[in-house]
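S.K.: Can you read through this structure? Questions will come right after.
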Amino acid sequence: MTATHAFWLAGRQATGTETLDVHNPYDNRLVGTVAVATEAQVEEAVAAAHAVRDTFAATPAHVRAKALNHVADRLAERTEEIARLISAENGKPIKWARGEVGRAVSVFRFAAEEARRWNSGDAQRLDTDAGGQGRLALTRRIPKGVVLGIAPFNFPLNLSAHKVAPAIAVGAPIILKPAPATPLSSLVLGELLAETDLPAGSWSVLTVPNDRMPALVQDERLPVISFTGSGPVGYAIMDSVPRKHCTLELGGNGAAVVLGDWDSEEDLDRAANRIATFSNYQGGQSCISVQRVIADAAVYDRLLPKIVAAVEAQVTGDPADDATDVGPLVSEAAAERVESWVTEAVDAGATLLAGGKRDGASYAPTVLADVPGDVTIAVEEVFGPVLTVKKVDGEAEAFAEVNSSKYGLQAGVFTHDLQTAFRAHRALEVGGVVIGDAPSYRADQMPYGGAKQSGVGREGVRYAMDDYTYERVLVLTDLAL
């Protein structure tokens, strides 16, 4: 019989009256049973976080940095164990799960470094105007209050880290709510935080069903919400709490542009392999996975068969197998949705060049060409291993095609020309432009977020720390400057 995993309430383990079963999406085996927090326990966690906010904000930087480094060290020590857990609950191929743990290690290390540098203050002479003679302004950043972090299923550890680590770094209490499909890796994060000297109440990891979240979202004691997930849910959250600070990372419709100067066989092989890998690397369940390829007519006819061959070479199967490139989607319902979108596109005239087959929660890596512009898969985020390919005539048409999407998270541009790179950076309506690669590159210390309907605010350790805080000015008077 599987033991029930406790959640973390104000730094200590707790169980409720209900449980939630977590199943492996590949074979539906039971991975674990998790206790669900009651309304009273949620209230206790919120009250504890609210009560400790001033104390935590005043915690010495070295204490917070030490705790963050401890979590990084312990994640590194337990990499294989935690990677296996992520793979089991999420269906992510083990090699990508190991990479996720490694990234989470980096997030906590970056946060430890930033905690030591953070908030030393910015001094500004005010006697640049006669009315400011003898005055000096010291500006520091102060936590806005308790953070409610709502994590998604696709990167259950690393995207939890991106909410928890910056909060600890600035001294903001945080309540982390993992996705119901993937709570186990977040609960391990709670184990590691419990080994630190952070004050009681400064963090909780609460397993709360999605249908019980509105009251938590609207609680006035939680002034900051950091949410990663779907656009409809994210904007519903923001609309329901218009006076709160919301950081929303809401996904995209990632485009890889291949321009005419990327034209050698070596260039095209690299583009095809990078595109194939990063349209499928998390089963397509990444906000910056490649969903659209926009190729200049000068290279399209040579590039397309290379993409199809590279996609067909992706190894699908058991995510626990080191050889597997593409595992299942998070659920059979998710795979059925992807299947329906591909069917709609083909019925509307799209050409199926690879894949197009579902087996339970698994969906074969798929390539579509000649996709009508008004079908669902052309305009929405598929969040599955499906790639569309379109021919365009020149740079201007390619960039216009990227911008035709209502989403704007990241774009990749395969070009060797520096001037083109700068034009892309100016023209593309996205949060990040990656030159010479797919749009799927993310360094965890860089600002990450989108334009248009891809969200509000930025993640990336230092940038999230800014989001969780506000500037407070201290004016000193009658100084001999």
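In the structure tokens, chains take letters A, B, ... by order of appearance, with residues numbered from 1 within each chain and ligands from 1 in the order shown.
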Pull the closest atom pair for each residue of range 394-430 of chain A that gets at most 12 Å from range 450-471 of chain A, along with the distance in Å to one decimal, counting only C-alpha atoms, ordering rows by chain and then ascending residue number, as JSON lines.
M.R.:
```
{"residue": "A:Asn403", "atom": "CA", "partner": "A:Lys452", "partner_atom": "CA", "distance": 9.9}
{"residue": "A:Ser404", "atom": "CA", "partner": "A:Lys452", "partner_atom": "CA", "distance": 11.1}
{"residue": "A:Ser405", "atom": "CA", "partner": "A:Lys452", "partner_atom": "CA", "distance": 9.0}
{"residue": "A:Lys406", "atom": "CA", "partner": "A:Gln453", "partner_atom": "CA", "distance": 6.0}
{"residue": "A:Tyr407", "atom": "CA", "partner": "A:Gln453", "partner_atom": "CA", "distance": 5.0}
{"residue": "A:Gly408", "atom": "CA", "partner": "A:Ala451", "partner_atom": "CA", "distance": 4.8}
{"residue": "A:Leu409", "atom": "CA", "partner": "A:Gly450", "partner_atom": "CA", "distance": 4.0}
{"residue": "A:Gln410", "atom": "CA", "partner": "A:Gly450", "partner_atom": "CA", "distance": 7.0}
{"residue": "A:Ala411", "atom": "CA", "partner": "A:Gly450", "partner_atom": "CA", "distance": 10.5}
{"residue": "A:Leu428", "atom": "CA", "partner": "A:Ala451", "partner_atom": "CA", "distance": 9.9}
{"residue": "A:Glu429", "atom": "CA", "partner": "A:Ala451", "partner_atom": "CA", "distance": 6.4}
{"residue": "A:Val430", "atom": "CA", "partner": "A:Ala451", "partner_atom": "CA", "distance": 5.2}
```
S.K.: Output as a count of residues only all residues of range 210-251 of chain A that backbone DSSP marks as alpha helix (DSSP H).
M.R.: 16
S.K.: Using only C-alpha atoms, which of the listed residues (A:Gly254, A:Ser264, A:Val392, A:Leu353) sits closest to Ala378 in chain A?
M.R.: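 Of A:Gly254, A:Ser264, A:Val392, A:Leu353, the one nearest Ala378 in chain A, counting only C-alpha atoms, is A:Gly254.
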S.K.: Between A:Val34, A:Val42, A:Val311, A:Leu68, which residue has the minimum interatomic distance to Glu195 in chain A, considering only C-alpha atoms?
M.R.: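 Ranking A:Val34, A:Val42, A:Val311, A:Leu68 by distance to Glu195 in chain A, first place goes to A:Leu68.
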S.K.: Counting only C-alpha atoms, which residue out of A:Phe155, A:Trp203, A:Ala61, A:Leu136 sits closest to Ala480 in chain A?
M.R.: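 Of all the options, A:Leu136 lies closest to Ala480 in chain A.
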S.K.: Excluding same-chain residues fewer than 2 positions from Thr4 in chain A, what lies within 10 Å of it counting only C-alpha atoms, as a VMD selection string?
M.R.: chain A and resid 1 to 2 6 to 7 15 19 to 21 32 to 35
S.K.: When you count only C-alpha atoms, which of these residues is closest to Ala400 in chain A: A:Glu77, A:Glu114, A:Ile294, A:Glu344?
M.R.: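 Nearest candidate to Ala400 in chain A out of A:Glu77, A:Glu114, A:Ile294, A:Glu344: A:Ile294.
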S.K.: Rounded to one decimal in Å, what is the spacing between CA of Leu138 in chain A and CA of Ala169 in chain A?
M.R.: 20.7 Å
S.K.: Among the residues of range 246-357 of chain A, find those DSSP assigns to strand (DSSP E or B) from the backbone and print them as a list in words.
M.R.: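 Matching residues, listed in order: Cys246, Thr247, Leu248, Glu249, Ala255, Ala256, Val257, Val258, Arg292, Val293, Ile294, Ala295, Asp296, Thr316, Val326, Thr351, Leu352, Leu353 and Ala354 of chain A.
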S.K.: Given the choices A:Arg243, A:Lys357, A:Arg53, A:Arg64, which gets closest to Ile168 in chain A if the distance is worked out from only C-alpha atoms?
M.R.: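 So, comparing all the options, the nearest one is A:Arg64.
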S.K.: Which of these, A:Val290, A:Ala48, A:Leu189, A:Ala14, has the shortest distance to Val101 in chain A once you count only C-alpha atoms?
M.R.: A:Leu189
S.K.: Just to confirm, what's the straight-line distance from CA of His62 in chain A to CA of Pro199 in chain A in Å (one decimal)?
M.R.: 13.7 Å
S.K.: Could you tell me how far CA of Phe278 in chain A sits from CA of Ser440 in chain A, in Å to one decimal place?
M.R.: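 Separating CA of Ser440 in chain A from CA of Phe278 in chain A is a distance of 6.3 Å.
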S.K.: Could you name the residues that touch Leu216 in chain A at 10 Å or less, counting only C-alpha atoms, but leaving out those on the same chain fewer than 6 positions away, as number ranges by chain?
M.R.: A: 39, 42-43, 46, 148, 208, 222
S.K.: Excluding same-chain residues fewer than 3 positions from Thr79 in chain A, what lies within 7 Å of it counting only C-alpha atoms, as JSON, numbers by chain?
M.R.: {"A": [75, 76, 82, 83, 98, 101]}
S.K.: Set the distance at 12 Å and use only C-alpha atoms: which residues neighbour Arg302 in chain A once local chain neighbours fewer than 6 positions away are removed? I'd like the list as a compact mmCIF listing (two decimals) with N, CA, C and O atoms, in the first residue's frame.
M.R.:
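As a result, around05.txt now contains:
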```txt
# COMPACT_ATOMS: atom_id res chain seq x y z
N VAL A 258 13.53 30.53 -40.39
CA VAL A 258 14.75 30.14 -41.08
C VAL A 258 14.87 31.03 -42.32
O VAL A 258 14.08 30.91 -43.25
N GLY A 260 16.94 33.13 -45.59
CA GLY A 260 17.61 32.66 -46.79
C GLY A 260 19.11 32.54 -46.68
O GLY A 260 19.73 31.80 -47.44
N TRP A 262 20.67 31.29 -44.19
CA TRP A 262 20.97 30.05 -43.43
C TRP A 262 20.85 28.89 -44.42
O TRP A 262 19.94 28.08 -44.34
N ASP A 263 21.81 28.79 -45.33
CA ASP A 263 21.53 28.01 -46.54
C ASP A 263 22.49 26.87 -46.85
O ASP A 263 22.29 26.13 -47.81
N SER A 264 23.55 26.68 -46.06
CA SER A 264 24.41 25.54 -46.33
C SER A 264 23.73 24.26 -45.84
O SER A 264 22.80 24.30 -45.02
N GLU A 265 24.23 23.13 -46.33
CA GLU A 265 23.65 21.86 -45.86
C GLU A 265 23.85 21.71 -44.35
O GLU A 265 22.96 21.21 -43.64
N GLU A 266 25.00 22.14 -43.87
CA GLU A 266 25.26 22.07 -42.43
C GLU A 266 24.28 22.97 -41.67
O GLU A 266 23.75 22.57 -40.62
N ASP A 267 24.04 24.17 -42.18
CA ASP A 267 23.08 25.08 -41.56
C ASP A 267 21.69 24.44 -41.48
O ASP A 267 21.03 24.45 -40.43
N LEU A 268 21.24 23.90 -42.60
CA LEU A 268 19.89 23.35 -42.66
C LEU A 268 19.76 22.10 -41.79
O LEU A 268 18.70 21.89 -41.17
N ASP A 269 20.81 21.30 -41.73
CA ASP A 269 20.77 20.14 -40.84
C ASP A 269 20.64 20.58 -39.39
O ASP A 269 19.87 20.01 -38.61
N ALA A 271 19.41 23.46 -38.24
CA ALA A 271 18.08 24.02 -38.01
C ALA A 271 17.04 22.91 -37.88
O ALA A 271 16.21 22.93 -36.97
N ALA A 272 17.09 21.92 -38.77
CA ALA A 272 16.12 20.83 -38.73
C ALA A 272 16.21 20.04 -37.43
O ALA A 272 15.18 19.71 -36.82
N ALA A 295 9.76 29.45 -42.98
CA ALA A 295 10.99 29.29 -43.76
C ALA A 295 10.94 30.10 -45.04
O ALA A 295 9.93 30.08 -45.77
N ASP A 296 12.05 30.79 -45.32
CA ASP A 296 12.17 31.54 -46.56
C ASP A 296 12.10 30.58 -47.75
O ASP A 296 12.62 29.46 -47.70
N VAL A 308 11.24 16.81 -41.53
CA VAL A 308 10.42 15.59 -41.42
C VAL A 308 11.28 14.42 -40.97
O VAL A 308 10.89 13.66 -40.06
N ALA A 309 12.45 14.27 -41.56
CA ALA A 309 13.33 13.16 -41.18
C ALA A 309 13.78 13.29 -39.73
O ALA A 309 13.83 12.29 -38.98
N LYS A 391 5.92 28.37 -45.90
CA LYS A 391 6.87 29.04 -46.78
C LYS A 391 6.51 30.52 -46.88
O LYS A 391 5.34 30.89 -47.03
```
S.K.: Excluding Ala67 in chain A and any residue of its chain fewer than 2 positions from it, enumerate the residues within 8 Å of it, using only C-alpha atoms, and give them as a VMD selection string.
M.R.: chain A and resid 63 to 65 69 to 71 112 193 196 to 198
